[in-house]
Amino acid sequence: TGKRNAMTDEMWRRVPALMREVDADPEVAAVILTGAGGTFCAGSDIGGLDELHHAERPINAELALARSPKPVIAAIEGACYGGGLELAVACDVRVAGSTATFSVPPATLGIVYPVSATQRMIHLMGPAVTKEMLFTAARFDAGRALAVGLVNSVVEPGRALETALGMGERMTGLSQLTLRASKEIVDGLVARDLGAETAISWVQRANSGPDLPEGIAAFRERRPPRFTWRPE
């Protein structure tokens with residue numbers, strides 16, 4: 001934490017490997033990304049790294065989060081800058097402590113922010129606010145981040161992880177089929193590449209799987225559902 005969790009080359013490399021592990025673990029329903037020591041991530045560690053000129057490692061890390069079939073929640077405290085924001089916007093949901101701050105500083109370094117992360121910022125905040133962040137390298141406080149749609153919720157300082165864990169716990173009790181279908185469908189609609197066969201396939205899986213009858217039975221019996229669907 002001496003460099004406020006600045007991402008080194010090795011850290012960027014580790015993210016896809018870790019995500020492959022949790023993606024393959026049937027016991028994991030949701031993933032939470034957070035930083036140690038009260039700081040999410042102050043960006044890339046630019047000391048002695050070639051990462052600024054070879055962005056494939058950060059992009060691979062970003063894609064590993066975004067393409068996980070499971071919900072990924074970012075629990076953000078303190079600084080969320082540059083490469084840290086790249087990781088945060090690749091998550092599905094962002095929870096921030098009220099003292100968190102957000103910044104995209106490539107204009108202070110003379111580099112070009114990754115197109116993929118820029119696209120995610122546009123989807124969340126729109127082009128005008130994305131341009132403001134990139135043009136000014138200004139720091140947004142948590143209130144502004146919430147107002148522009150960068151984060152989903154703001155909680156008391158130090159409670160972002162606790163809140164994210166509660167959210168993940170709730171997801172654990174819901175239909176994993178619905179969660180997976182929803183992520184694939186929402187992401188496909190945002191990217192404008194959702195094929196009709198994808199949506200139809202999920203509806204067919206729901207109709208033939210165990211969760212739908214269990215959900216209806218639990219509703220009728222006024223009890224919590226016990227969903228059992230898991231991916232093949």
# chains A, B, ... in the order shown; residues from 1 in each chain; ligands from 1
>>> select_by_dssp(residues="range 41-188 of chain A", states="alpha helix (DSSP H)", output="number ranges by chain")
A: 56-66, 83-90, 115-125, 127-136, 142-147, 160-172, 176-188
>>> residues_around(residues="range 64-69 of chain A", least_positions_apart="4", cutoff="8 Å", atoms="only C-alpha atoms", output="VMD selection string")
chain A and resid 15 to 16 19 to 20 23 60 87 90 to 92 180 183 to 184
>>> closest_residue(among="A:Ala107, A:Ala42, A:Ala74, A:Ala100", to="Thr136 in chain A", atoms="only C-alpha atoms")
A:Ala107
>>> residues_around(residues="Pro114 in chain A", least_positions_apart="3", cutoff="9 Å", atoms="only C-alpha atoms", output="ChimeraX atom specification")
/A:55,58-59,86,117-119
>>> atom_distance(atom1="CA of Asp187 in chain A", atom2="CA of Trp202 in chain A")
14.2 Å
>>> closest_residue(among="A:Gly149, A:Pro127, A:Pro225, A:Gly143", to="Val89 in chain A", atoms="only C-alpha atoms")
A:Gly149
>>> closest_residue(among="A:Val112, A:Ile216, A:Ala88, A:Ile76", to="Leu134 in chain A", atoms="only C-alpha atoms")
A:Val112
>>> residues_around(residues="Leu161 in chain A", least_positions_apart="2", cutoff="8 Å", atoms="only C-alpha atoms", output="list in words")
Thr34, Ala75, Ile76, Val95, Gly158, Arg159, Thr163, Ala164 and Leu165 of chain A
>>> write_last_selection(atoms="C-alpha atoms", output="mmCIF file, in the first residue's frame")
data_model
loop_
_atom_site.group_PDB
_atom_site.id
_atom_site.type_symbol
_atom_site.label_atom_id
_atom_site.label_comp_id
_atom_site.auth_asym_id
_atom_site.auth_seq_id
_atom_site.Cartn_x
_atom_site.Cartn_y
_atom_site.Cartn_z
ATOM 1 C CA THR A 34 -11.296 -3.818 -3.587
ATOM 2 C CA ALA A 75 -15.775 -1.607 -3.413
ATOM 3 C CA ILE A 76 -13.983 1.745 -3.627
ATOM 4 C CA VAL A 95 -19.937 1.103 -4.356
ATOM 5 C CA GLY A 158 -14.816 2.522 5.366
ATOM 6 C CA ARG A 159 -18.096 0.746 4.615
ATOM 7 C CA THR A 163 -21.845 -2.924 1.575
ATOM 8 C CA ALA A 164 -20.460 -4.795 -1.427
ATOM 9 C CA LEU A 165 -20.291 -8.023 0.590
#
>>> atom_distance(atom1="CA of Leu150 in chain A", atom2="CA of Tyr81 in chain A")
12.7 Å
>>> decode(residues="range 25-150 of chain A", atoms="C-alpha atoms", output="PDB file, in the first residue's frame")
ATOM      1  CA  ASP A  25     -15.520 -22.019  -9.126  1.00  0.00           C
ATOM      2  CA  PRO A  26     -19.196 -23.061  -8.859  1.00  0.00           C
ATOM      3  CA  GLU A  27     -19.253 -21.935  -5.207  1.00  0.00           C
ATOM      4  CA  VAL A  28     -18.574 -18.310  -6.175  1.00  0.00           C
ATOM      5  CA  ALA A  29     -21.744 -16.414  -7.087  1.00  0.00           C
ATOM      6  CA  ALA A  30     -20.301 -12.886  -7.175  1.00  0.00           C
ATOM      7  CA  VAL A  31     -16.849 -11.289  -7.210  1.00  0.00           C
ATOM      8  CA  ILE A  32     -15.759  -8.241  -5.210  1.00  0.00           C
ATOM      9  CA  LEU A  33     -12.765  -6.128  -6.222  1.00  0.00           C
ATOM     10  CA  THR A  34     -11.296  -3.818  -3.587  1.00  0.00           C
ATOM     11  CA  GLY A  35      -7.996  -2.323  -2.479  1.00  0.00           C
ATOM     12  CA  ALA A  36      -5.992  -2.780   0.707  1.00  0.00           C
ATOM     13  CA  GLY A  37      -5.297  -0.054   3.232  1.00  0.00           C
ATOM     14  CA  GLY A  38      -8.250   2.205   2.519  1.00  0.00           C
ATOM     15  CA  THR A  39      -7.263   2.906  -1.095  1.00  0.00           C
ATOM     16  CA  PHE A  40      -8.795   1.313  -4.173  1.00  0.00           C
ATOM     17  CA  CYS A  41      -6.029   1.978  -6.702  1.00  0.00           C
ATOM     18  CA  ALA A  42      -4.017   5.104  -7.479  1.00  0.00           C
ATOM     19  CA  GLY A  43      -3.423   4.010 -11.090  1.00  0.00           C
ATOM     20  CA  SER A  44      -0.484   2.351 -12.802  1.00  0.00           C
ATOM     21  CA  ASP A  45       2.918   2.293 -11.148  1.00  0.00           C
ATOM     22  CA  ILE A  46       4.787   4.207 -13.845  1.00  0.00           C
ATOM     23  CA  GLY A  47       8.210   3.818 -12.280  1.00  0.00           C
ATOM     24  CA  GLY A  48      10.244   1.682 -14.638  1.00  0.00           C
ATOM     25  CA  LEU A  49       7.252   0.109 -16.357  1.00  0.00           C
ATOM     26  CA  ASP A  50       6.555  -0.053 -20.065  1.00  0.00           C
ATOM     27  CA  GLU A  51       2.837  -0.482 -19.393  1.00  0.00           C
ATOM     28  CA  LEU A  52       2.075   3.078 -20.476  1.00  0.00           C
ATOM     29  CA  HIS A  53       3.281   2.283 -23.986  1.00  0.00           C
ATOM     30  CA  HIS A  54       2.000  -1.307 -24.090  1.00  0.00           C
ATOM     31  CA  ALA A  55      -1.527  -1.260 -22.767  1.00  0.00           C
ATOM     32  CA  GLU A  56      -2.448  -4.858 -23.573  1.00  0.00           C
ATOM     33  CA  ARG A  57      -1.905  -6.040 -19.978  1.00  0.00           C
ATOM     34  CA  PRO A  58      -4.277  -3.472 -18.428  1.00  0.00           C
ATOM     35  CA  ILE A  59      -6.790  -4.120 -21.202  1.00  0.00           C
ATOM     36  CA  ASN A  60      -6.565  -7.876 -20.596  1.00  0.00           C
ATOM     37  CA  ALA A  61      -7.224  -7.265 -16.898  1.00  0.00           C
ATOM     38  CA  GLU A  62     -10.152  -5.009 -17.716  1.00  0.00           C
ATOM     39  CA  LEU A  63     -11.635  -7.585 -20.105  1.00  0.00           C
ATOM     40  CA  ALA A  64     -11.229 -10.374 -17.542  1.00  0.00           C
ATOM     41  CA  LEU A  65     -13.456  -8.430 -15.145  1.00  0.00           C
ATOM     42  CA  ALA A  66     -15.967  -7.298 -17.749  1.00  0.00           C
ATOM     43  CA  ARG A  67     -16.289 -10.711 -19.415  1.00  0.00           C
ATOM     44  CA  SER A  68     -16.693 -12.712 -16.231  1.00  0.00           C
ATOM     45  CA  PRO A  69     -20.061 -14.466 -16.407  1.00  0.00           C
ATOM     46  CA  LYS A  70     -20.577 -13.534 -12.752  1.00  0.00           C
ATOM     47  CA  PRO A  71     -21.476 -10.156 -11.247  1.00  0.00           C
ATOM     48  CA  VAL A  72     -18.359  -8.175 -10.300  1.00  0.00           C
ATOM     49  CA  ILE A  73     -18.673  -5.445  -7.658  1.00  0.00           C
ATOM     50  CA  ALA A  74     -16.041  -2.761  -7.048  1.00  0.00           C
ATOM     51  CA  ALA A  75     -15.775  -1.607  -3.413  1.00  0.00           C
ATOM     52  CA  ILE A  76     -13.983   1.745  -3.627  1.00  0.00           C
ATOM     53  CA  GLU A  77     -12.337   3.716  -0.837  1.00  0.00           C
ATOM     54  CA  GLY A  78      -9.814   6.510  -1.265  1.00  0.00           C
ATOM     55  CA  ALA A  79      -8.113   7.063  -4.601  1.00  0.00           C
ATOM     56  CA  CYS A  80      -9.533   5.558  -7.781  1.00  0.00           C
ATOM     57  CA  TYR A  81      -7.340   7.036 -10.504  1.00  0.00           C
ATOM     58  CA  GLY A  82      -6.262   6.135 -14.036  1.00  0.00           C
ATOM     59  CA  GLY A  83      -5.722   2.389 -14.214  1.00  0.00           C
ATOM     60  CA  GLY A  84      -7.752   2.047 -11.015  1.00  0.00           C
ATOM     61  CA  LEU A  85     -10.722   3.681 -12.681  1.00  0.00           C
ATOM     62  CA  GLU A  86     -10.138   1.420 -15.689  1.00  0.00           C
ATOM     63  CA  LEU A  87     -10.627  -1.571 -13.363  1.00  0.00           C
ATOM     64  CA  ALA A  88     -13.617  -0.003 -11.601  1.00  0.00           C
ATOM     65  CA  VAL A  89     -15.585   0.756 -14.775  1.00  0.00           C
ATOM     66  CA  ALA A  90     -14.985  -2.814 -15.983  1.00  0.00           C
ATOM     67  CA  CYS A  91     -16.970  -4.043 -12.954  1.00  0.00           C
ATOM     68  CA  ASP A  92     -20.751  -4.367 -13.088  1.00  0.00           C
ATOM     69  CA  VAL A  93     -21.522  -2.336  -9.956  1.00  0.00           C
ATOM     70  CA  ARG A  94     -19.496   0.273  -8.042  1.00  0.00           C
ATOM     71  CA  VAL A  95     -19.937   1.103  -4.356  1.00  0.00           C
ATOM     72  CA  ALA A  96     -17.875   4.013  -2.997  1.00  0.00           C
ATOM     73  CA  GLY A  97     -17.069   5.353   0.436  1.00  0.00           C
ATOM     74  CA  SER A  98     -17.979   9.030   0.705  1.00  0.00           C
ATOM     75  CA  THR A  99     -14.320  10.115   0.874  1.00  0.00           C
ATOM     76  CA  ALA A 100     -13.372   8.293  -2.354  1.00  0.00           C
ATOM     77  CA  THR A 101     -12.040  10.387  -5.224  1.00  0.00           C
ATOM     78  CA  PHE A 102     -11.917   9.659  -8.950  1.00  0.00           C
ATOM     79  CA  SER A 103      -9.605  10.939 -11.659  1.00  0.00           C
ATOM     80  CA  VAL A 104      -8.337  10.101 -15.139  1.00  0.00           C
ATOM     81  CA  PRO A 105      -4.899  11.756 -15.506  1.00  0.00           C
ATOM     82  CA  PRO A 106      -3.493  10.730 -18.924  1.00  0.00           C
ATOM     83  CA  ALA A 107      -3.435  14.383 -20.042  1.00  0.00           C
ATOM     84  CA  THR A 108      -0.875  15.047 -17.287  1.00  0.00           C
ATOM     85  CA  LEU A 109       1.366  12.319 -18.761  1.00  0.00           C
ATOM     86  CA  GLY A 110       0.862  12.732 -22.503  1.00  0.00           C
ATOM     87  CA  ILE A 111      -0.654   9.288 -23.025  1.00  0.00           C
ATOM     88  CA  VAL A 112      -3.935   8.109 -24.559  1.00  0.00           C
ATOM     89  CA  TYR A 113      -6.414   6.429 -22.203  1.00  0.00           C
ATOM     90  CA  PRO A 114      -7.493   2.944 -23.396  1.00  0.00           C
ATOM     91  CA  VAL A 115     -10.368   3.062 -25.854  1.00  0.00           C
ATOM     92  CA  SER A 116     -12.188   0.218 -24.077  1.00  0.00           C
ATOM     93  CA  ALA A 117     -12.181   2.038 -20.729  1.00  0.00           C
ATOM     94  CA  THR A 118     -13.180   5.309 -22.426  1.00  0.00           C
ATOM     95  CA  GLN A 119     -16.123   3.524 -24.026  1.00  0.00           C
ATOM     96  CA  ARG A 120     -17.222   2.192 -20.626  1.00  0.00           C
ATOM     97  CA  MET A 121     -17.014   5.712 -19.159  1.00  0.00           C
ATOM     98  CA  ILE A 122     -19.217   7.000 -21.991  1.00  0.00           C
ATOM     99  CA  HIS A 123     -21.799   4.274 -21.355  1.00  0.00           C
ATOM    100  CA  LEU A 124     -21.888   5.180 -17.656  1.00  0.00           C
ATOM    101  CA  MET A 125     -21.610   8.981 -17.718  1.00  0.00           C
ATOM    102  CA  GLY A 126     -22.188  10.116 -21.300  1.00  0.00           C
ATOM    103  CA  PRO A 127     -19.694  11.835 -23.597  1.00  0.00           C
ATOM    104  CA  ALA A 128     -19.761  15.284 -21.977  1.00  0.00           C
ATOM    105  CA  VAL A 129     -18.665  14.158 -18.498  1.00  0.00           C
ATOM    106  CA  THR A 130     -16.189  11.670 -19.976  1.00  0.00           C
ATOM    107  CA  LYS A 131     -14.607  14.520 -21.941  1.00  0.00           C
ATOM    108  CA  GLU A 132     -14.535  16.693 -18.818  1.00  0.00           C
ATOM    109  CA  MET A 133     -12.621  14.009 -16.895  1.00  0.00           C
ATOM    110  CA  LEU A 134     -10.181  13.414 -19.761  1.00  0.00           C
ATOM    111  CA  PHE A 135      -9.745  17.094 -20.692  1.00  0.00           C
ATOM    112  CA  THR A 136      -9.183  18.394 -17.149  1.00  0.00           C
ATOM    113  CA  ALA A 137      -7.656  15.461 -15.211  1.00  0.00           C
ATOM    114  CA  ALA A 138      -9.750  16.890 -12.342  1.00  0.00           C
ATOM    115  CA  ARG A 139     -10.671  14.862  -9.284  1.00  0.00           C
ATOM    116  CA  PHE A 140     -14.338  14.068  -8.762  1.00  0.00           C
ATOM    117  CA  ASP A 141     -15.509  13.508  -5.210  1.00  0.00           C
ATOM    118  CA  ALA A 142     -17.902  10.664  -4.418  1.00  0.00           C
ATOM    119  CA  GLY A 143     -20.937  12.941  -4.581  1.00  0.00           C
ATOM    120  CA  ARG A 144     -20.110  14.061  -8.103  1.00  0.00           C
ATOM    121  CA  ALA A 145     -19.307  10.479  -9.116  1.00  0.00           C
ATOM    122  CA  LEU A 146     -22.754   9.409  -7.916  1.00  0.00           C
ATOM    123  CA  ALA A 147     -24.474  12.322  -9.640  1.00  0.00           C
ATOM    124  CA  VAL A 148     -22.912  11.542 -13.040  1.00  0.00           C
ATOM    125  CA  GLY A 149     -23.518   7.789 -12.820  1.00  0.00           C
ATOM    126  CA  LEU A 150     -19.925   6.686 -12.301  1.00  0.00           C
TER     127      LEU A 150
END
